[in-house]
Amino acid sequence: MRVSTARKIVALPKQGADYLPLEPFAASLPRPAQTQRQQPRPLAKLPTSVVLRSLAVNYAMSSPLLNSVSMAVLRRAVHPTNALFDTAKNPLLRFLLRAFAYDQFCAGMSPGMVQRRISGLKDMGYRGVILCYGKETVIKGGAASTQDKIKSLMYGPQETLMVEQWKDGLLKTLSCLGAGDFLAIKVTGAGPMALDALKAGESMPAPLQAAMDEVCALASSQGVRCWLDAEQAMLQGTIDEWAIALMRKHNKHGVAVMSNTIQAYLKAAPANVKRHVELASEEGWTLGIKLVRGAYIDTDPRHLIHDTAQDTHNCFDEIARGLISCDIPEGGQATFPTTQLFMATHNAESVRKALTLQRERVEAGQPCALLEFGQLQGMADDVSCELLEECGHNSGPNAPGVYKYLTWGTLTECLGYLYRRSLENKGMAARAGELAGAMGNELWQRVKTLKF
């Protein structure tokens with residue numbers, strides 16, 4: 001689309017707290033002037049069972065001691081060295097992790113369980129879900145060696161079968177989804193063939209390429225969009241190349257069948273986004289970006305990550321501003337690619353800025369990226385429910401969609417994902433306590449009115 005080189009720079013409010021501000025999220029969003037009646041209760045959308053479980057989990061997370069213990073247990077369970085931390089051999093550990101982690105953050109172990117969870121979320125007003133098959137590989141170590149590069153050319157039937165099994169898992173995940181939903185893809189779940197190619201910086205192996213093309217074609221026919229989830233920094237450069245190749249091939253006619261994930265906590269994120277924009281503009285394909293803050297702070301080299309949390313917030317907000325405003329690089333270019341931006345964030349301040357900017361541009365008739373929001377299952381339900389209230393007032397074609405990210409699979413397959421959730425909650429005891437208080441207030445309102 002054509003954009004003027006003279007752009008209006010929208011003044012944005014200053015960034016607030018590191019995570020979510022303590023004031024109610026509702027107060028930070030613009031409201032119609034006529035809503036002077038009783039304040040709505042966004043959390044009233046949640047089933048009582050979810051309120052109770054979230055109250056218990058967030059209360060536990062508000063304790064730094066319990067948070068540290070849960071992280072230590074999950075870290076050992078991901079790579080068990082003895083029966084005590086092996087979920088396949090320790091039924092007590094399996095029960096505890098299922099009750100206090102898996103059921104809170106994951107969608108289910110079978111397609112039937114997953115579809116029931118999805119139906120419940122859509123009944124609440126979510127436009128759709130993002131569903132990820134939980135199988136992945138959590139790796140240790142550094143850059144690829146010459147031996148890694150040689151190994152990647154020497155695979156046989158067993159490694160090819162692992163790619164087929166991974167593809168079957170993706171196709172089974174797709175069978176749970178409908179038009180408007182997203183399929184999240186962890187390419188490391190394809191096994192050694194994918195992992196070694198990623199570490200060695202090679203092109204996508206032929207069996208993996210064939211699997212991805214089949215998945216993209218089926219997703220497109222169902223009206224489902226896909227994205228490649230972020231992985232550890234040592235793999236991410238190659239994943240970026242694979243994602244660009246897939247977008248170049250499948251993103252046509254203004255629809256981003258495939259999107260790539262950008263982690264804003266990496267110092268190189270702005271330059272990486274700029275490269276994506278320039279390639280999409282030059283080559284004429286639709287750009288799909290999922291923007292996150294980052295999930296591998298425990299394993300990524302520290303020098304690659306912004307020095308402070310505030311630097312990460314600033315980077316996230318500036319990338320979002322540039323994509324929404326069609327203003328990357330700042331000051332512009334003759335053309336800007338059709339862009340679909342998915343903001344995966346629990347930060348209310350970032351949500352407020354993006355909503356305000358998007359509305360201003362739509363009302364002024366200025367070009368604007370398609371904007372959508374999502375939060376993780378089991379986290380930031382207050383932000384999600386407020387977004388449902390806010391975006392539900394506008395059902396037009398430019399209305400942002402609100403989604404929940406779900407991971408499914410067996411407990412063992414989802415352990416890596418659950419461990420990253422514990423890392424994400426590290427140091428957020430105050431926020432967890434605040435959310436536990438909100439859930440407690442919501443439960444009390446139901447007790448007073450006897451409405452459960």
# chains A, B, ... in the order shown; residues from 1 in each chain; ligands from 1
>>> residues_around(residues="Ser221 of chain A", least_positions_apart="6", cutoff="12 Å", atoms="only C-alpha atoms", output="ChimeraX atom specification")
/A:174,177-180,214-215,250,257
>>> write_last_selection(atoms="C-alpha atoms", output="compact mmCIF listing (two decimals), in the first residue's frame")
# COMPACT_ATOMS: atom_id res chain seq x y z
CA LEU A 174 -5.20 -28.46 13.05
CA LEU A 177 -9.11 -25.56 14.97
CA GLY A 178 -11.57 -23.56 12.90
CA ALA A 179 -11.52 -20.50 10.69
CA GLY A 180 -9.84 -17.56 12.40
CA GLU A 214 1.44 -29.68 3.65
CA VAL A 215 0.56 -28.06 6.99
CA HIS A 250 2.57 -18.98 1.28
CA VAL A 257 -0.78 -17.84 6.37
>>> select_by_dssp(residues="segment 59-308 of chain A", states="strand (DSSP E)", output="ChimeraX atom specification")
/A:106-108,128-133,182-185,225-228,258-263,287-292
>>> residues_around(residues="segment 41-43 of chain A", least_positions_apart="5", cutoff="10 Å", atoms="only C-alpha atoms", output="NGL selection string")
:A and (26 or 48 or 51 or 381-390 or 438-439 or 441-443 or 445)
>>> write_last_selection(atoms="C-alpha atoms", output="short mmCIF file (atom, residue, chain, number, x, y, z; two decimals), in the first residue's frame")
data_model
loop_
_atom_site.label_atom_id
_atom_site.label_comp_id
_atom_site.auth_asym_id
_atom_site.auth_seq_id
_atom_site.Cartn_x
_atom_site.Cartn_y
_atom_site.Cartn_z
CA ALA A 26 -10.07 -0.83 33.04
CA THR A 48 -16.04 -20.41 38.88
CA VAL A 51 -11.51 -18.48 39.29
CA ASP A 381 -7.03 -13.23 32.66
CA ASP A 382 -7.75 -9.71 33.92
CA VAL A 383 -6.04 -8.22 30.86
CA SER A 384 -7.79 -10.68 28.53
CA CYS A 385 -11.23 -10.05 29.99
CA GLU A 386 -10.77 -6.28 29.84
CA LEU A 387 -9.77 -6.60 26.20
CA LEU A 388 -12.90 -8.64 25.56
CA GLU A 389 -14.95 -5.83 27.11
CA GLU A 390 -13.15 -3.12 25.16
CA ALA A 438 -8.68 -9.76 41.89
CA MET A 439 -9.75 -13.41 41.71
CA ASN A 441 -12.75 -10.25 44.97
CA GLU A 442 -14.54 -11.87 42.05
CA LEU A 443 -15.18 -15.02 44.09
CA GLN A 445 -18.95 -11.11 44.62
#
>>> closest_residue(among="A:Leu52, A:Thr160, A:Lys199, A:Leu411", to="Leu96 of chain A", atoms="only C-alpha atoms")
A:Leu411
>>> closest_residue(among="A:Val277, A:Gly288, A:Pro205, A:Thr308", to="Gly322 of chain A", atoms="only C-alpha atoms")
A:Val277
>>> closest_residue(among="A:Pro400, A:Thr335, A:Pro329, A:Met113", to="Val362 of chain A", atoms="only C-alpha atoms")
A:Pro400
>>> atom_distance(atom1="atom CA of Tyr102 of chain A", atom2="atom CA of Gly440 of chain A")
21.5 Å
>>> residues_around(residues="Val69 of chain A", least_positions_apart="3", cutoff="12 Å", atoms="only C-alpha atoms", output="number ranges by chain")
A: 60-61, 63-66, 72-76, 419, 422-423, 426
>>> closest_residue(among="A:Arg302, A:Arg321, A:Arg293, A:Lys404", to="Asn347 of chain A", atoms="only C-alpha atoms")
A:Arg293
>>> atom_distance(atom1="atom CA of Ser49 of chain A", atom2="atom CA of Cys414 of chain A")
22.1 Å
>>> residues_around(residues="His303 of chain A", least_positions_apart="3", cutoff="10 Å", atoms="only C-alpha atoms", output="list in words")
Leu266, Lys267, Asp300, His306 and Asp307 of chain A
>>> select_by_dssp(residues="segment 128-311 of chain A", states="helix (DSSP H, G or I)", output="ChimeraX atom specification")
/A:146-151,157-174,187-190,192-200,206-222,233-250,269-283,302-304,309-311
>>> closest_residue(among="A:Leu121, A:Ala245, A:Ala83, A:Met71", to="Leu46 of chain A", atoms="only C-alpha atoms")
A:Leu121
